[in-house]
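A.B. asks: One structure is given below, represented as structure tokens, and several questions about it will come after.
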Amino acid sequence: MQGLRHIRQKVFYTLAIAITVVVLDSCRATKHVPEDEFLLTKVNIDCDNTDIDIEDLETTLKQKANRKTLSVFRFHLFVYNIAKSGKERKWKEKIATVVGEPPVIYDEYARDRTIDNMKSYLDAQSYYDADLEVVENRGKKKISLTYKIKTGEPYIISQILYDITDPKIQELVLLDTVNSYMRTNGNFNTDELQDERERLVRMLKSNGYYYFSINNIHYYADTTIDRHKTKLTLAIRKSFEEDNIINNTPFKAQVIRNIYIYADHDPRLSIADLEVYNSMLDTINVDGYNIIYSKKLEYKPEVLLQSCFVNRGDRYNIQNVEKTHAHLSNLKQFKLINIKLNPSEDVFLETQKEKFLDLHIYLTPLVKQSYTLELEGNNTSGNIGMEGGISYNNKNLFKGAQMFSIKGSLAFQTLTTEQEDVTQRFFNTLEYGGEMRLNIPKLMIPFYKNYEFVKNHNPKTRISTSYSHQKRPDYTRTIGNASFGYFWKGGKDNFITHYVNPIELYLVKIFDFDPEFQQQIENLYIKYSYEDQLLSVFSYDLMFNNQNINKSKSFTYLWLNLETSGNLLNTAYKLTNQEMVDSSFRLFGVEFAQFVKADIDYRYYQVFNENQRLVYRGFFGIGLPYGNSTKGLPYIKKYFIGGANDIRAWRVREIGPGAYSNNTSNYDQIADMKLMLNLEYRFKLLSFIEGALFLDAGNIWAIDKNDNREGALFNWDTFYKEIALGTGFGTRFDFSFFIIRFDFGVPLYDPSFDPGNRWLGTFSTLELKDFTFNFGIGYPF
């Protein structure tokens with residue numbers, strides 16, 4: 001009862017503070033509103049037509065009310081009023097300018113401009129008879145507006161006619177009407193008609209007509225036949241000038257005559273003295289492409305040619321030019337890529353000059369080699385540390401645009417532990433290691449040469465190897481890794497990326513155990529996760545991401561992972577009748593793992609506007625050992641939960657599996673299956689500061705019945721009662737090139753507690769250690 005009373009007091013104080021803040025906001029909102037003026041508190045749009053996009057209408061507003069944080073509290077106006085109160089001070093003025101926001105004073109002129117904008121928008125949407133009324137709700141120095149819209153009947157396109165004098169252009173346009181934005185009996189929408197002009201221009205530029213533009217397309221609308229009906233004529237001419245409109249000369253399609261690739265273009269020198277610069281250049285011709293360079297060609301011609309989608313003799317196609325630019329950019333070799341088309345210089349007949357084009361591709365390379373020194377603080381799932389490293393990068397190792405990097409690192413970390421002799425030690429974990437990576441911009445498959453696949457999917461071969469040595473308070477672990485794989489783009493819009501690793505090897509060695517830790521795990525099933533292990537993995541990953549970084553709109557992210565290990569080795573050992581040691585086969589004296597594992601990570605980013613978004617995330621993963629892995633999944637393939645990117649109300653590996661409670665031991669809480677759900681609301685506080693409220697749920701479970709940790713096994717009847725629930729708030733500092741994140745997590749439902757104390761069990765003591773502070777780089781998801 002005493003604990004419950006304590007909780008009630010805390011809730012009461014919290015509500016009292018919240019109510020006080022809201023009241024203060026209400027009372028002080030008009031503090032700096034001049035006499036006979038009104039604070040604009042709210043702007044509503046009430047439209048009787050659901051076909052009208054309210055968000056589009058909101059863009060026509062010339063005046064909006066002061067911003068609200070969490071859609072409730074005018075935080076920025078509140079700060080402004082506080083800063084502007086009392087004596088003037090420079091620091092107060094700075095706060096008012098940077099953090100605060102002055103009150104929005106109602107302006108009738110801005111209202112009238114908004115009405116004009118809305119009418120223009122509605123006209124463009126075909127609602128020429130729309131009725132618009134503004135309702136004002138005035139209070140004491142406050143006013144709210146409601147724009148009431150009755151759209152009326154739209155104007156409809158009753159008939160579509162085409163007036164095209166060039167028969168080839170007419171054929172292309174009529175064959176492509178299935179993609180047209182114009183529809184008979186559709187609305188006479190002038191925005192869509194403009195989109196249709198741009199679509200036709202792009203379609204014709206994709207069919208050879210380089211000089212074609214929107215000025216060659218005009219519309220004629222006849223609305224005299226019937227009210228609210230329009231007979232629409234689309235006309236295409238070389239010119240619509242009065243003295244040239246009857247010119248029936250057909251359009252000419254353009255053909256690529258010469259292609260020039262400037263492999264190491266220096267724009268500064270070329271601008272300074274073009275004649276001298278050109279005298280320094282050499283040219284080689286490869287398969288009809290002129291490759292121009294100075295001193296020495298740093299790229300193999302095949303690397304440049306596999307990125308070029310344009311050939312001599314091709315009709316001009318804007319899509320192939322764009323693909324060439326994108327493919328060259330994806331090589332990550334050039335800081336500047338400029339593609340120009342000019343009338344061909346070696347055509348002398350005046351009648352032929354309009355027909356031929358020369359393509360010039362100017363490439364300015366990045367610096368080939370670089371060294372990087374890094375020193376940073378980090379937080380790996382709640383464990384604070386620092387790391388230093390040195391890396392070498394070569395962007396063109398063998399003149400084939402191969403990206404090579406090698407890195408060495410040294411790190412210290414404070415690992416949370418319950419052992420008495422190390423609890424207070426700072427930086428009790430030492431880790432050092434190295435890594436080498438090589439990315440090759442093609443598929444390294446023997447006897448396979450498919451240039452079309454390279455052009456269309458931009459594949460890469462990735463080879464990497466790494467070694468890590470970690471000295472922890474409870475044991476020492478080394479991990480050696482080597483992998484060979486491929487990745488490439490797929491899908492209509494290249495939203496999909498495929499990853500295939502046919503070779504992925506791990507050698508895990510664990511030794512130098514702390515006696516107390518060894519005693520803790522001696523009689524537990526997970527003891528086998530701390531043995532030496534060898535993994536030979538085959539994996540496939542698929543990533544879908546339809547985010548457009550140039551547009552603030554909702555998008556989806558999906559990641560799928562499938563992997564298996566040990567099948568080939570197990571088959572080979574059985575076929576050759578090898579002997580088992582302790583019921584398993586061994587390679588080099590180490591048991592090799594055999595398992596199958598699958599993960600799915602789905603995220604939806606719901607963007608309300610530039611200042612607010614809601615992010616949903618769901619994750620599920622499961623791993624099943626079999627065959628040679630009779631003792632469970634390897635440690636590095638086990639699941640854990642908690643930490644800065646997971647359920648933030650608990651530290652990493654601090655909760656689970658299931659209802660298992662581990663209050664005294666120091667071993668990691670890991671298992672074979674994981675379910676996690678996250679919801680995070682992100683909102684702008686300042687230009688570079690973002691706030692967040694989040695709700696996290698999930699847990700891990702064991703699926704092997706040999707696991708003897710009480711409450712750890714997954715059970716369909718009880719698993720939903722074992723889903724941990726946490727909430728909290730956070731702050732993000734966006735410095736453009738990186739984001740620093742602070743999250744404060746609060747447990748709401750802890751399945752490791754006794755059933756009667758799981759809800760708000762942490763609040764019984766309200767000690768600081770019962771809450772979790774997370775520091776991270778970047779967003780959690």
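Chain labels follow the order of the structure tokens: the first chain is A, the next B, and so on; residue numbering restarts at 1 in every chain, and ligands are counted from 1 in their shown order.
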Excluding same-chain residues fewer than 5 positions from segment 483-490 of chain A, what lies within 7 Å of it counting only C-alpha atoms, as a list in words?
C.D. replies: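 Listed by chain and then number, they are Leu443, His457, Asn458, Pro459, Lys460, Thr461, Arg462, Ile463, Ser464, Thr465, Phe495, Ile496, Thr497, His498, Tyr499, Val500, Asn501, Pro502, Ile503, Glu504 and Leu505 of chain A.
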A.B. asks: Could the residues in this selection be written to a file with N, CA, C and O atoms, as a compact mmCIF listing (two decimals), in the first residue's frame?
C.D. replies:
# COMPACT_ATOMS: atom_id res chain seq x y z
N LEU A 443 30.84 -8.90 -60.95
CA LEU A 443 30.71 -10.22 -60.35
C LEU A 443 31.96 -11.05 -60.66
O LEU A 443 32.25 -11.32 -61.82
N HIS A 457 22.17 -3.88 -63.16
CA HIS A 457 22.02 -4.17 -61.72
C HIS A 457 23.20 -3.69 -60.87
O HIS A 457 23.17 -3.84 -59.66
N ASN A 458 24.24 -3.18 -61.52
CA ASN A 458 25.35 -2.57 -60.79
C ASN A 458 25.90 -3.48 -59.69
O ASN A 458 25.98 -3.09 -58.52
N PRO A 459 26.30 -4.70 -60.02
CA PRO A 459 26.74 -5.64 -58.99
C PRO A 459 28.15 -5.33 -58.48
O PRO A 459 28.95 -4.67 -59.16
N LYS A 460 28.44 -5.85 -57.31
CA LYS A 460 29.78 -5.72 -56.74
C LYS A 460 30.14 -7.02 -56.03
O LYS A 460 29.28 -7.71 -55.48
N THR A 461 31.43 -7.32 -56.07
CA THR A 461 31.96 -8.44 -55.31
C THR A 461 32.65 -7.89 -54.07
O THR A 461 33.41 -6.92 -54.16
N ARG A 462 32.38 -8.48 -52.92
CA ARG A 462 32.93 -7.99 -51.66
C ARG A 462 33.75 -9.09 -51.00
O ARG A 462 33.25 -10.20 -50.75
N ILE A 463 34.99 -8.79 -50.71
CA ILE A 463 35.89 -9.72 -50.01
C ILE A 463 36.36 -9.02 -48.74
O ILE A 463 36.78 -7.86 -48.77
N SER A 464 36.29 -9.72 -47.62
CA SER A 464 36.71 -9.09 -46.37
C SER A 464 37.30 -10.14 -45.43
O SER A 464 36.99 -11.33 -45.50
N THR A 465 38.15 -9.66 -44.55
CA THR A 465 38.69 -10.51 -43.49
C THR A 465 38.92 -9.63 -42.27
O THR A 465 39.22 -8.43 -42.38
N PHE A 495 14.88 -0.16 -55.75
CA PHE A 495 14.63 -0.06 -54.32
C PHE A 495 15.14 -1.30 -53.57
O PHE A 495 15.24 -1.30 -52.35
N ILE A 496 15.43 -2.36 -54.30
CA ILE A 496 15.82 -3.63 -53.68
C ILE A 496 17.32 -3.86 -53.86
O ILE A 496 17.87 -3.63 -54.93
N THR A 497 17.96 -4.33 -52.81
CA THR A 497 19.36 -4.74 -52.88
C THR A 497 19.47 -6.19 -52.40
O THR A 497 18.93 -6.54 -51.35
N HIS A 498 20.13 -7.01 -53.20
CA HIS A 498 20.35 -8.41 -52.86
C HIS A 498 21.79 -8.61 -52.37
O HIS A 498 22.73 -8.04 -52.95
N TYR A 499 21.96 -9.43 -51.33
CA TYR A 499 23.28 -9.76 -50.81
C TYR A 499 23.39 -11.29 -50.74
O TYR A 499 22.54 -11.94 -50.13
N VAL A 500 24.43 -11.84 -51.35
CA VAL A 500 24.67 -13.28 -51.29
C VAL A 500 26.11 -13.50 -50.86
O VAL A 500 27.04 -12.98 -51.48
N ASN A 501 26.29 -14.25 -49.77
CA ASN A 501 27.62 -14.62 -49.28
C ASN A 501 27.77 -16.13 -49.33
O ASN A 501 27.35 -16.84 -48.40
N PRO A 502 28.35 -16.68 -50.41
CA PRO A 502 28.53 -18.14 -50.47
C PRO A 502 29.60 -18.63 -49.50
O PRO A 502 29.59 -19.80 -49.11
N ILE A 503 30.52 -17.74 -49.13
CA ILE A 503 31.58 -18.11 -48.19
C ILE A 503 31.61 -17.09 -47.05
O ILE A 503 31.81 -15.90 -47.28
N GLU A 504 31.40 -17.58 -45.85
CA GLU A 504 31.45 -16.72 -44.67
C GLU A 504 31.93 -17.59 -43.50
O GLU A 504 31.19 -18.41 -42.97
N LEU A 505 33.19 -17.42 -43.14
CA LEU A 505 33.82 -18.29 -42.14
C LEU A 505 34.08 -17.51 -40.85
O LEU A 505 34.51 -16.35 -40.89
A.B. asks: Each residue of segment 185-278 of chain A lying at most 9 Å from segment 307-328 of chain A should get a row with its shortest atom-to-atom pair and the distance in Å to one decimal, counting only C-alpha atoms; could you produce that, ordered by chain and increasing number, as JSON lines?
C.D. replies:
{"residue": "A:Arg202", "atom": "CA", "partner": "A:Ile318", "partner_atom": "CA", "distance": 7.5}
{"residue": "A:Met203", "atom": "CA", "partner": "A:Ile318", "partner_atom": "CA", "distance": 8.9}
{"residue": "A:Leu204", "atom": "CA", "partner": "A:Asn317", "partner_atom": "CA", "distance": 8.6}
{"residue": "A:Lys205", "atom": "CA", "partner": "A:Ile318", "partner_atom": "CA", "distance": 5.7}
{"residue": "A:Ser206", "atom": "CA", "partner": "A:Asn317", "partner_atom": "CA", "distance": 4.1}
{"residue": "A:Asn207", "atom": "CA", "partner": "A:Asn317", "partner_atom": "CA", "distance": 5.9}
{"residue": "A:Gly208", "atom": "CA", "partner": "A:Tyr316", "partner_atom": "CA", "distance": 4.2}
{"residue": "A:Tyr209", "atom": "CA", "partner": "A:Tyr316", "partner_atom": "CA", "distance": 6.9}
{"residue": "A:Tyr210", "atom": "CA", "partner": "A:Tyr316", "partner_atom": "CA", "distance": 6.5}
{"residue": "A:Ala253", "atom": "CA", "partner": "A:Arg315", "partner_atom": "CA", "distance": 7.2}
{"residue": "A:Gln254", "atom": "CA", "partner": "A:Tyr316", "partner_atom": "CA", "distance": 5.7}
{"residue": "A:Val255", "atom": "CA", "partner": "A:Arg315", "partner_atom": "CA", "distance": 4.4}
{"residue": "A:Ile256", "atom": "CA", "partner": "A:Gly313", "partner_atom": "CA", "distance": 5.3}
{"residue": "A:Arg257", "atom": "CA", "partner": "A:Arg312", "partner_atom": "CA", "distance": 5.5}
{"residue": "A:Asn258", "atom": "CA", "partner": "A:Arg312", "partner_atom": "CA", "distance": 6.1}
{"residue": "A:Ile259", "atom": "CA", "partner": "A:Arg312", "partner_atom": "CA", "distance": 6.9}
A.B. asks: Give me, please, the distance in Å between atom CA of Lys332 of chain A and atom CA of Trp559 of chain A, quoted to one decimal.
C.D. replies: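 It comes out at 24.3 Å.
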A.B. asks: Could you give me, as a list in words, the residues within 6 Å of Lys231 of chain A, counting only C-alpha atoms and dropping anything in the same chain fewer than 6 positions from it?
C.D. replies: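 These residues fall inside the cut-off: Ser158, Gln159, Ala221 and Asp222 of chain A.
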A.B. asks: Name all residues at most 8 Å from segment 670-685 of chain A (count only C-alpha atoms; drop same-chain ones fewer than 4 positions away) and give them as a ChimeraX atom specification.
C.D. replies: /A:69-70,611-624,633,638-641,646-647,653,656-657,689-703
A.B. asks: Taking C-alpha atoms for each residue, export the selection above as a PDB file, in the first residue's frame.
C.D. replies:
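Here's the written file selection_34.pdb:
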ATOM      1  CA  THR A  69       5.183  20.675 -29.480  1.00  0.00           C
ATOM      2  CA  LEU A  70       3.420  17.297 -29.246  1.00  0.00           C
ATOM      3  CA  ASN A 611       8.835  18.576 -38.215  1.00  0.00           C
ATOM      4  CA  GLN A 612       6.960  15.420 -37.190  1.00  0.00           C
ATOM      5  CA  ARG A 613       7.096  11.742 -38.014  1.00  0.00           C
ATOM      6  CA  LEU A 614       6.022   8.452 -36.461  1.00  0.00           C
ATOM      7  CA  VAL A 615       8.226   5.387 -36.918  1.00  0.00           C
ATOM      8  CA  TYR A 616       6.938   1.815 -36.561  1.00  0.00           C
ATOM      9  CA  ARG A 617       9.277  -1.166 -36.318  1.00  0.00           C
ATOM     10  CA  GLY A 618       8.752  -4.896 -36.025  1.00  0.00           C
ATOM     11  CA  PHE A 619      11.484  -7.535 -35.783  1.00  0.00           C
ATOM     12  CA  PHE A 620      11.302 -11.314 -35.615  1.00  0.00           C
ATOM     13  CA  GLY A 621      14.152 -13.793 -35.743  1.00  0.00           C
ATOM     14  CA  ILE A 622      14.652 -17.466 -35.031  1.00  0.00           C
ATOM     15  CA  GLY A 623      17.619 -19.848 -35.192  1.00  0.00           C
ATOM     16  CA  LEU A 624      17.427 -23.653 -35.189  1.00  0.00           C
ATOM     17  CA  LEU A 633      23.324 -22.083 -31.576  1.00  0.00           C
ATOM     18  CA  LYS A 638      22.286 -16.051 -30.501  1.00  0.00           C
ATOM     19  CA  TYR A 639      19.734 -13.285 -29.902  1.00  0.00           C
ATOM     20  CA  PHE A 640      19.766 -10.734 -27.106  1.00  0.00           C
ATOM     21  CA  ILE A 641      17.541  -7.799 -26.244  1.00  0.00           C
ATOM     22  CA  ASP A 646      16.479  -2.132 -28.935  1.00  0.00           C
ATOM     23  CA  ILE A 647      14.267  -2.014 -25.832  1.00  0.00           C
ATOM     24  CA  ARG A 653      21.471  -8.539 -22.501  1.00  0.00           C
ATOM     25  CA  GLY A 656      15.026 -12.387 -20.949  1.00  0.00           C
ATOM     26  CA  PRO A 657      14.783 -15.019 -22.068  1.00  0.00           C
ATOM     27  CA  ILE A 689      17.495  19.505 -31.974  1.00  0.00           C
ATOM     28  CA  GLU A 690      14.842  16.833 -32.169  1.00  0.00           C
ATOM     29  CA  GLY A 691      12.752  15.304 -29.404  1.00  0.00           C
ATOM     30  CA  ALA A 692      11.353  11.778 -29.255  1.00  0.00           C
ATOM     31  CA  LEU A 693       8.819   9.745 -27.291  1.00  0.00           C
ATOM     32  CA  PHE A 694       9.024   5.991 -27.626  1.00  0.00           C
ATOM     33  CA  LEU A 695       7.362   2.735 -26.642  1.00  0.00           C
ATOM     34  CA  ASP A 696       9.340  -0.533 -26.933  1.00  0.00           C
ATOM     35  CA  ALA A 697       8.144  -4.094 -26.456  1.00  0.00           C
ATOM     36  CA  GLY A 698       9.614  -7.565 -26.926  1.00  0.00           C
ATOM     37  CA  ASN A 699      11.652 -10.416 -25.528  1.00  0.00           C
ATOM     38  CA  ILE A 700      13.821 -13.393 -26.429  1.00  0.00           C
ATOM     39  CA  TRP A 701      13.026 -17.054 -25.798  1.00  0.00           C
ATOM     40  CA  ALA A 702      14.774 -20.413 -25.799  1.00  0.00           C
ATOM     41  CA  ILE A 703      13.246 -23.065 -28.070  1.00  0.00           C
TER      42      ILE A 703
END
A.B. asks: Which residue is closest to Phe398 of chain A? Choose from A:Ile361, A:Ile510, A:Val303, A:Met444 and count only C-alpha atoms.
C.D. replies: A:Val303
A.B. asks: What is the distance between atom CA of Tyr147 of chain A and atom CA of Cys47 of chain A, in Å to one decimal?
C.D. replies: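 These two atoms are separated by 8.0 Å.
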